[in-house]
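Structure first, commentary second.
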Amino acid sequence: MSHSTADCASPPMAERFRGYLPVVVDVETGGFDWNKHALLEIAAVPIDLDGEGRFVPGATAHAHIAPASGTLIDPKSLEVTGIKIGHPLRFEVDERTGLDAIFVPVRAAAKKHDCQRAILVGHNAHFDLNFLNAAVARVQHKRNPFHPFSVFDTVTMAGLAYGQTVLARAAMAAGIGWDPKEAHSAVYDAEQTARLFCIIANAWPQTGATASVAMPGDNTAAIGAMVGAG
């Protein structure tokens with residue numbers, strides 16, 4: 001039986017995840033409590049498709065954010081991130097401007113792929129989503145493109161694929177490496193997480209493919225080999 005080009009083509013992004021566009025987000029903050037600690041840096045990497053329909057990281061959006069009025073900074077967090085609040089080379093912007101620097105390109109990426117909205121991908125994704133939602137609430141932003149509570153978490157994905165849940169170890173297992181000197185930069189962490197997401201997602205059968213999800217004792221090892229080959 002012959003097949004048309006349309007029959008063999010990979011499905012568009014809008015058909016992959018129920019109309020949602022995966023966007024990797026990483027935040028650096030003034031502490032662990034999104035209800036009181038400041039959002040200090042944010043980066044987002046929309047997931048794109050290459051010419052063969054495989055997931056690839058898109059262009060990175062990024063902003064350094066000045067602590068919002070009323071938010072707190074735990075000095076121990078700054079020791080980890082190395083952020084120097086107020087340093088002229090940080091080019092800090094207010095929260096509203098910082099969110100717009102992320103939301104505008106994310107909405108454009110969603111429109112490009114005919115997706116109805118974005119879904120946040122992150123390593124411990126609800127941490128990033130909670131800080132994002134807290135900032136949205138503070139500035140009363142009306143055009144947040146992200147789903148308010150659903151996420152894709154690469155902790156779970158990497159745990160299934162490699163038996164690793166720490167981002168650095170998962171990145172090493174995936175063959176993309178990890179530079180500890182660059183870690184805790186929102187851009188670096190987001191871009192590495194995006195690469196990790198793409199490697200694991202590309203190894204999984206596409207939606208609509210004839211392959212079925214493996215059950216224990218079935219072809220689980222074969223799927224693990226596919227991921228490892230990524």
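In the structure tokens, each chain is lettered A, B, ... as it comes, each chain's residues begin at 1, and ligands are numbered from 1 in order of appearance.
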
- Query: Can you tell me, as number ranges by chain, what residues are no more than 7 Å from Leu78 (chain A) when counting only C-alpha atoms, ignoring any on the same chain fewer than 4 positions away?
  - Reply: A: 30, 82-83

Selection above as a file: C-alpha atoms, as a short mmCIF file (atom, residue, chain, number, x, y, z; two decimals), in the first residue's frame:
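Generated file (again00.cif):
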```
data_model
loop_
_atom_site.label_atom_id
_atom_site.label_comp_id
_atom_site.auth_asym_id
_atom_site.auth_seq_id
_atom_site.Cartn_x
_atom_site.Cartn_y
_atom_site.Cartn_z
CA GLY A 30 15.78 34.90 46.94
CA GLY A 82 26.14 34.19 43.03
CA ILE A 83 23.60 36.88 42.18
#
```

Run DSSP on the backbone and give me the residues of region 86-213 of chain A it puts in alpha helix (DSSP H), as a PDB file with C-alpha atoms, in the first residue's frame.
```
ATOM      1  CA  GLU A  95       8.854  42.241  37.544  1.00  0.00           C
ATOM      2  CA  ARG A  96       6.297  43.372  34.972  1.00  0.00           C
ATOM      3  CA  THR A  97       8.995  44.096  32.380  1.00  0.00           C
ATOM      4  CA  GLY A  98      10.737  40.827  33.182  1.00  0.00           C
ATOM      5  CA  LEU A  99       7.565  38.812  32.756  1.00  0.00           C
ATOM      6  CA  ASP A 100       6.857  40.539  29.442  1.00  0.00           C
ATOM      7  CA  ALA A 101      10.360  39.602  28.263  1.00  0.00           C
ATOM      8  CA  ILE A 102       9.321  35.970  28.751  1.00  0.00           C
ATOM      9  CA  PHE A 103       5.633  36.039  27.878  1.00  0.00           C
ATOM     10  CA  VAL A 104       5.894  37.894  24.546  1.00  0.00           C
ATOM     11  CA  PRO A 105       8.225  35.346  22.865  1.00  0.00           C
ATOM     12  CA  VAL A 106       6.376  32.436  24.481  1.00  0.00           C
ATOM     13  CA  ARG A 107       3.063  33.656  23.052  1.00  0.00           C
ATOM     14  CA  ALA A 108       4.750  34.079  19.661  1.00  0.00           C
ATOM     15  CA  ALA A 109       6.091  30.510  19.808  1.00  0.00           C
ATOM     16  CA  ALA A 110       2.654  29.165  20.758  1.00  0.00           C
ATOM     17  CA  LYS A 111       1.094  31.069  17.853  1.00  0.00           C
ATOM     18  CA  LYS A 112       3.735  29.724  15.454  1.00  0.00           C
ATOM     19  CA  ALA A 125       8.654  22.181  37.829  1.00  0.00           C
ATOM     20  CA  HIS A 126       6.153  23.308  40.436  1.00  0.00           C
ATOM     21  CA  PHE A 127       8.877  25.307  42.188  1.00  0.00           C
ATOM     22  CA  ASP A 128       9.345  27.374  39.028  1.00  0.00           C
ATOM     23  CA  LEU A 129       5.620  27.567  38.333  1.00  0.00           C
ATOM     24  CA  ASN A 130       4.803  28.729  41.853  1.00  0.00           C
ATOM     25  CA  PHE A 131       7.327  31.579  41.678  1.00  0.00           C
ATOM     26  CA  LEU A 132       6.070  32.504  38.220  1.00  0.00           C
ATOM     27  CA  ASN A 133       2.452  32.529  39.382  1.00  0.00           C
ATOM     28  CA  ALA A 134       3.348  34.590  42.460  1.00  0.00           C
ATOM     29  CA  ALA A 135       5.004  37.241  40.277  1.00  0.00           C
ATOM     30  CA  VAL A 136       2.014  37.237  37.914  1.00  0.00           C
ATOM     31  CA  ALA A 137      -0.290  37.825  40.870  1.00  0.00           C
ATOM     32  CA  ARG A 138       1.866  40.652  42.259  1.00  0.00           C
ATOM     33  CA  VAL A 139       1.801  42.637  39.016  1.00  0.00           C
ATOM     34  CA  THR A 154      11.957  16.433  33.954  1.00  0.00           C
ATOM     35  CA  VAL A 155      12.642  14.968  37.401  1.00  0.00           C
ATOM     36  CA  THR A 156      10.029  12.319  36.630  1.00  0.00           C
ATOM     37  CA  MET A 157      11.138  11.947  33.011  1.00  0.00           C
ATOM     38  CA  ALA A 158      14.811  11.513  33.937  1.00  0.00           C
ATOM     39  CA  GLY A 159      13.930   9.190  36.779  1.00  0.00           C
ATOM     40  CA  LEU A 160      12.127   6.894  34.350  1.00  0.00           C
ATOM     41  CA  ALA A 161      14.717   7.181  31.591  1.00  0.00           C
ATOM     42  CA  TYR A 162      17.967   7.076  33.551  1.00  0.00           C
ATOM     43  CA  LEU A 167      19.592  17.613  37.031  1.00  0.00           C
ATOM     44  CA  ALA A 168      23.396  17.446  36.822  1.00  0.00           C
ATOM     45  CA  ARG A 169      23.400  13.646  36.999  1.00  0.00           C
ATOM     46  CA  ALA A 170      20.537  13.334  34.532  1.00  0.00           C
ATOM     47  CA  ALA A 171      22.345  15.625  32.090  1.00  0.00           C
ATOM     48  CA  MET A 172      25.479  13.500  32.376  1.00  0.00           C
ATOM     49  CA  ALA A 173      23.462  10.321  31.857  1.00  0.00           C
ATOM     50  CA  ALA A 174      21.868  11.849  28.759  1.00  0.00           C
ATOM     51  CA  ALA A 186      18.682  30.505  34.867  1.00  0.00           C
ATOM     52  CA  VAL A 187      19.812  30.476  31.235  1.00  0.00           C
ATOM     53  CA  TYR A 188      22.218  27.554  31.638  1.00  0.00           C
ATOM     54  CA  ASP A 189      19.833  25.468  33.737  1.00  0.00           C
ATOM     55  CA  ALA A 190      16.900  26.132  31.382  1.00  0.00           C
ATOM     56  CA  GLU A 191      18.913  25.281  28.274  1.00  0.00           C
ATOM     57  CA  GLN A 192      20.291  22.075  29.765  1.00  0.00           C
ATOM     58  CA  THR A 193      16.816  21.093  30.947  1.00  0.00           C
ATOM     59  CA  ALA A 194      15.468  21.773  27.452  1.00  0.00           C
ATOM     60  CA  ARG A 195      18.104  19.488  25.933  1.00  0.00           C
ATOM     61  CA  LEU A 196      17.259  16.796  28.472  1.00  0.00           C
ATOM     62  CA  PHE A 197      13.535  17.079  27.740  1.00  0.00           C
ATOM     63  CA  CYS A 198      14.110  16.812  24.000  1.00  0.00           C
ATOM     64  CA  ILE A 199      16.358  13.749  24.258  1.00  0.00           C
ATOM     65  CA  ILE A 200      13.870  11.842  26.393  1.00  0.00           C
ATOM     66  CA  ALA A 201      10.770  12.990  24.488  1.00  0.00           C
ATOM     67  CA  ASN A 202      12.339  12.141  21.121  1.00  0.00           C
ATOM     68  CA  ALA A 203      12.958   8.565  22.283  1.00  0.00           C
TER      69      ALA A 203
END
```

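Nearest to Gln206 (chain A) of all the residues A:Gly51, A:Gly70, A:Pro12, A:Pro180 is A:Pro12, based on only C-alpha atoms.
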
Extract the full set of strand (DSSP E) residues from region 56-132 of chain A according to DSSP on the backbone, and format it as a PDB file with N, CA, C and O atoms, in the first residue's frame.
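Output below, filename result12.pdb:
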```pdb
ATOM      1  N   VAL A  56      13.379  20.017  19.457  1.00  0.00           N
ATOM      2  CA  VAL A  56      14.652  20.723  19.623  1.00  0.00           C
ATOM      3  C   VAL A  56      14.400  21.976  20.456  1.00  0.00           C
ATOM      4  O   VAL A  56      13.299  22.544  20.420  1.00  0.00           O
ATOM      5  N   PRO A  57      15.406  22.433  21.210  1.00  0.00           N
ATOM      6  CA  PRO A  57      15.232  23.688  21.955  1.00  0.00           C
ATOM      7  C   PRO A  57      15.108  24.872  21.008  1.00  0.00           C
ATOM      8  O   PRO A  57      15.828  24.966  20.005  1.00  0.00           O
ATOM      9  N   ALA A  61      14.639  33.031  26.009  1.00  0.00           N
ATOM     10  CA  ALA A  61      14.267  34.359  26.508  1.00  0.00           C
ATOM     11  C   ALA A  61      14.733  34.455  27.951  1.00  0.00           C
ATOM     12  O   ALA A  61      14.720  33.460  28.693  1.00  0.00           O
ATOM     13  N   HIS A  62      15.112  35.674  28.384  1.00  0.00           N
ATOM     14  CA  HIS A  62      15.765  35.781  29.689  1.00  0.00           C
ATOM     15  C   HIS A  62      15.591  37.171  30.261  1.00  0.00           C
ATOM     16  O   HIS A  62      15.506  38.153  29.516  1.00  0.00           O
ATOM     17  N   ALA A  63      15.535  37.252  31.594  1.00  0.00           N
ATOM     18  CA  ALA A  63      15.491  38.555  32.262  1.00  0.00           C
ATOM     19  C   ALA A  63      16.066  38.440  33.667  1.00  0.00           C
ATOM     20  O   ALA A  63      15.811  37.462  34.380  1.00  0.00           O
ATOM     21  N   HIS A  64      16.875  39.448  34.056  1.00  0.00           N
ATOM     22  CA  HIS A  64      17.267  39.649  35.450  1.00  0.00           C
ATOM     23  C   HIS A  64      16.235  40.595  36.057  1.00  0.00           C
ATOM     24  O   HIS A  64      15.915  41.637  35.473  1.00  0.00           O
ATOM     25  N   ARG A 117      -1.973  27.410  24.334  1.00  0.00           N
ATOM     26  CA  ARG A 117      -1.216  28.039  25.397  1.00  0.00           C
ATOM     27  C   ARG A 117       0.026  27.214  25.684  1.00  0.00           C
ATOM     28  O   ARG A 117       0.223  26.135  25.118  1.00  0.00           O
ATOM     29  N   ALA A 118       0.874  27.710  26.581  1.00  0.00           N
ATOM     30  CA  ALA A 118       2.111  27.015  26.938  1.00  0.00           C
ATOM     31  C   ALA A 118       1.899  26.164  28.180  1.00  0.00           C
ATOM     32  O   ALA A 118       1.026  26.444  29.015  1.00  0.00           O
ATOM     33  N   ILE A 119       2.725  25.137  28.298  1.00  0.00           N
ATOM     34  CA  ILE A 119       2.760  24.332  29.511  1.00  0.00           C
ATOM     35  C   ILE A 119       4.202  24.322  29.999  1.00  0.00           C
ATOM     36  O   ILE A 119       5.128  24.102  29.225  1.00  0.00           O
ATOM     37  N   LEU A 120       4.391  24.630  31.282  1.00  0.00           N
ATOM     38  CA  LEU A 120       5.736  24.787  31.820  1.00  0.00           C
ATOM     39  C   LEU A 120       6.425  23.442  31.988  1.00  0.00           C
ATOM     40  O   LEU A 120       5.863  22.499  32.531  1.00  0.00           O
ATOM     41  N   VAL A 121       7.654  23.371  31.486  1.00  0.00           N
ATOM     42  CA  VAL A 121       8.541  22.235  31.693  1.00  0.00           C
ATOM     43  C   VAL A 121       9.640  22.697  32.632  1.00  0.00           C
ATOM     44  O   VAL A 121      10.236  23.765  32.433  1.00  0.00           O
ATOM     45  N   GLY A 122       9.919  21.918  33.661  1.00  0.00           N
ATOM     46  CA  GLY A 122      10.969  22.318  34.582  1.00  0.00           C
ATOM     47  C   GLY A 122      11.506  21.138  35.360  1.00  0.00           C
ATOM     48  O   GLY A 122      10.910  20.054  35.358  1.00  0.00           O
TER      49      GLY A 122
END
```

- Point out the residue among A:Ser185, A:Pro145, A:Asn124, A:Phe17 with the least atom-to-atom distance to Thr165 (chain A), counting only C-alpha atoms. A:Asn124

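The list of residues with at least one atom within 7 Å of Gln116 (chain A), based on only C-alpha atoms and without residues fewer than 2 positions apart in the same chain, reads Gly19, Tyr20, Ala110 and Asp114 of chain A.
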
For the residues in the current selection, export N, CA, C and O atoms as a short mmCIF file (atom, residue, chain, number, x, y, z; two decimals), in the first residue's frame.
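The new file out-v6.cif reads:
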```cif
data_model
loop_
_atom_site.label_atom_id
_atom_site.label_comp_id
_atom_site.auth_asym_id
_atom_site.auth_seq_id
_atom_site.Cartn_x
_atom_site.Cartn_y
_atom_site.Cartn_z
N GLY A 19 -2.63 20.49 22.24
CA GLY A 19 -2.67 21.91 21.94
C GLY A 19 -1.80 22.77 22.84
O GLY A 19 -1.84 24.00 22.73
N TYR A 20 -1.00 22.15 23.70
CA TYR A 20 -0.09 22.90 24.57
C TYR A 20 1.32 22.89 24.00
O TYR A 20 1.78 21.88 23.46
N ALA A 110 3.92 29.90 20.73
CA ALA A 110 2.65 29.17 20.76
C ALA A 110 1.85 29.45 19.49
O ALA A 110 1.27 28.54 18.88
N ASP A 114 0.43 26.99 16.43
CA ASP A 114 -1.04 26.85 16.57
C ASP A 114 -1.43 26.20 17.88
O ASP A 114 -2.42 25.45 17.94
#
```

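Between CA of Trp204 (chain A) and CA of Val25 (chain A) lies a distance of 21.8 Å.
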
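CA of His184 (chain A) lies 18.5 Å from CA of Val23 (chain A).
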
- Query: Which of these residues is nearest to Ile65 (chain A), using only C-alpha atoms: A:His123, A:Arg16, A:His113, A:His87?
  - Reply: A:His87

- Message: Report as a list in words all protein, DNA and RNA residues lying within 6 Å of region 37-39 of chain A, evaluated on only C-alpha atoms, omitting residues in the same chain fewer than 4 positions from it.
- Response: Thr29, Gly30, Gly31, Asp33, Pro67, Thr71, Leu72 and Ile73 of chain A

Any chance you could export the current selection's N, CA, C and O atoms as a PDB file, in the first residue's frame?
```
ATOM      1  N   THR A  29      15.941  32.592  42.638  1.00  0.00           N
ATOM      2  CA  THR A  29      15.092  33.307  43.588  1.00  0.00           C
ATOM      3  C   THR A  29      15.864  33.696  44.848  1.00  0.00           C
ATOM      4  O   THR A  29      16.992  33.257  45.078  1.00  0.00           O
ATOM      5  N   GLY A  30      15.194  34.475  45.672  1.00  0.00           N
ATOM      6  CA  GLY A  30      15.776  34.898  46.937  1.00  0.00           C
ATOM      7  C   GLY A  30      15.504  33.950  48.083  1.00  0.00           C
ATOM      8  O   GLY A  30      15.733  34.301  49.249  1.00  0.00           O
ATOM      9  N   GLY A  31      15.022  32.760  47.798  1.00  0.00           N
ATOM     10  CA  GLY A  31      14.695  31.782  48.833  1.00  0.00           C
ATOM     11  C   GLY A  31      13.764  30.733  48.267  1.00  0.00           C
ATOM     12  O   GLY A  31      13.515  30.678  47.048  1.00  0.00           O
ATOM     13  N   ASP A  33      10.480  30.107  49.463  1.00  0.00           N
ATOM     14  CA  ASP A  33       9.066  30.374  49.709  1.00  0.00           C
ATOM     15  C   ASP A  33       8.553  31.382  48.685  1.00  0.00           C
ATOM     16  O   ASP A  33       8.857  32.575  48.762  1.00  0.00           O
ATOM     17  N   PRO A  67      14.329  42.785  42.885  1.00  0.00           N
ATOM     18  CA  PRO A  67      13.383  42.273  43.897  1.00  0.00           C
ATOM     19  C   PRO A  67      12.152  43.174  43.990  1.00  0.00           C
ATOM     20  O   PRO A  67      12.265  44.394  44.106  1.00  0.00           O
ATOM     21  N   THR A  71       9.047  41.786  48.903  1.00  0.00           N
ATOM     22  CA  THR A  71       9.622  40.445  48.883  1.00  0.00           C
ATOM     23  C   THR A  71      10.926  40.416  49.662  1.00  0.00           C
ATOM     24  O   THR A  71      11.565  41.445  49.877  1.00  0.00           O
ATOM     25  N   LEU A  72      11.330  39.228  50.079  1.00  0.00           N
ATOM     26  CA  LEU A  72      12.496  39.053  50.933  1.00  0.00           C
ATOM     27  C   LEU A  72      13.624  38.334  50.206  1.00  0.00           C
ATOM     28  O   LEU A  72      13.394  37.632  49.217  1.00  0.00           O
ATOM     29  N   ILE A  73      14.834  38.504  50.735  1.00  0.00           N
ATOM     30  CA  ILE A  73      16.024  37.847  50.200  1.00  0.00           C
ATOM     31  C   ILE A  73      16.711  37.082  51.318  1.00  0.00           C
ATOM     32  O   ILE A  73      17.035  37.661  52.356  1.00  0.00           O
TER      33      ILE A  73
END
```

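Going from CA of Val27 (chain A) over to CA of Leu40 (chain A), you cover 7.4 Å.
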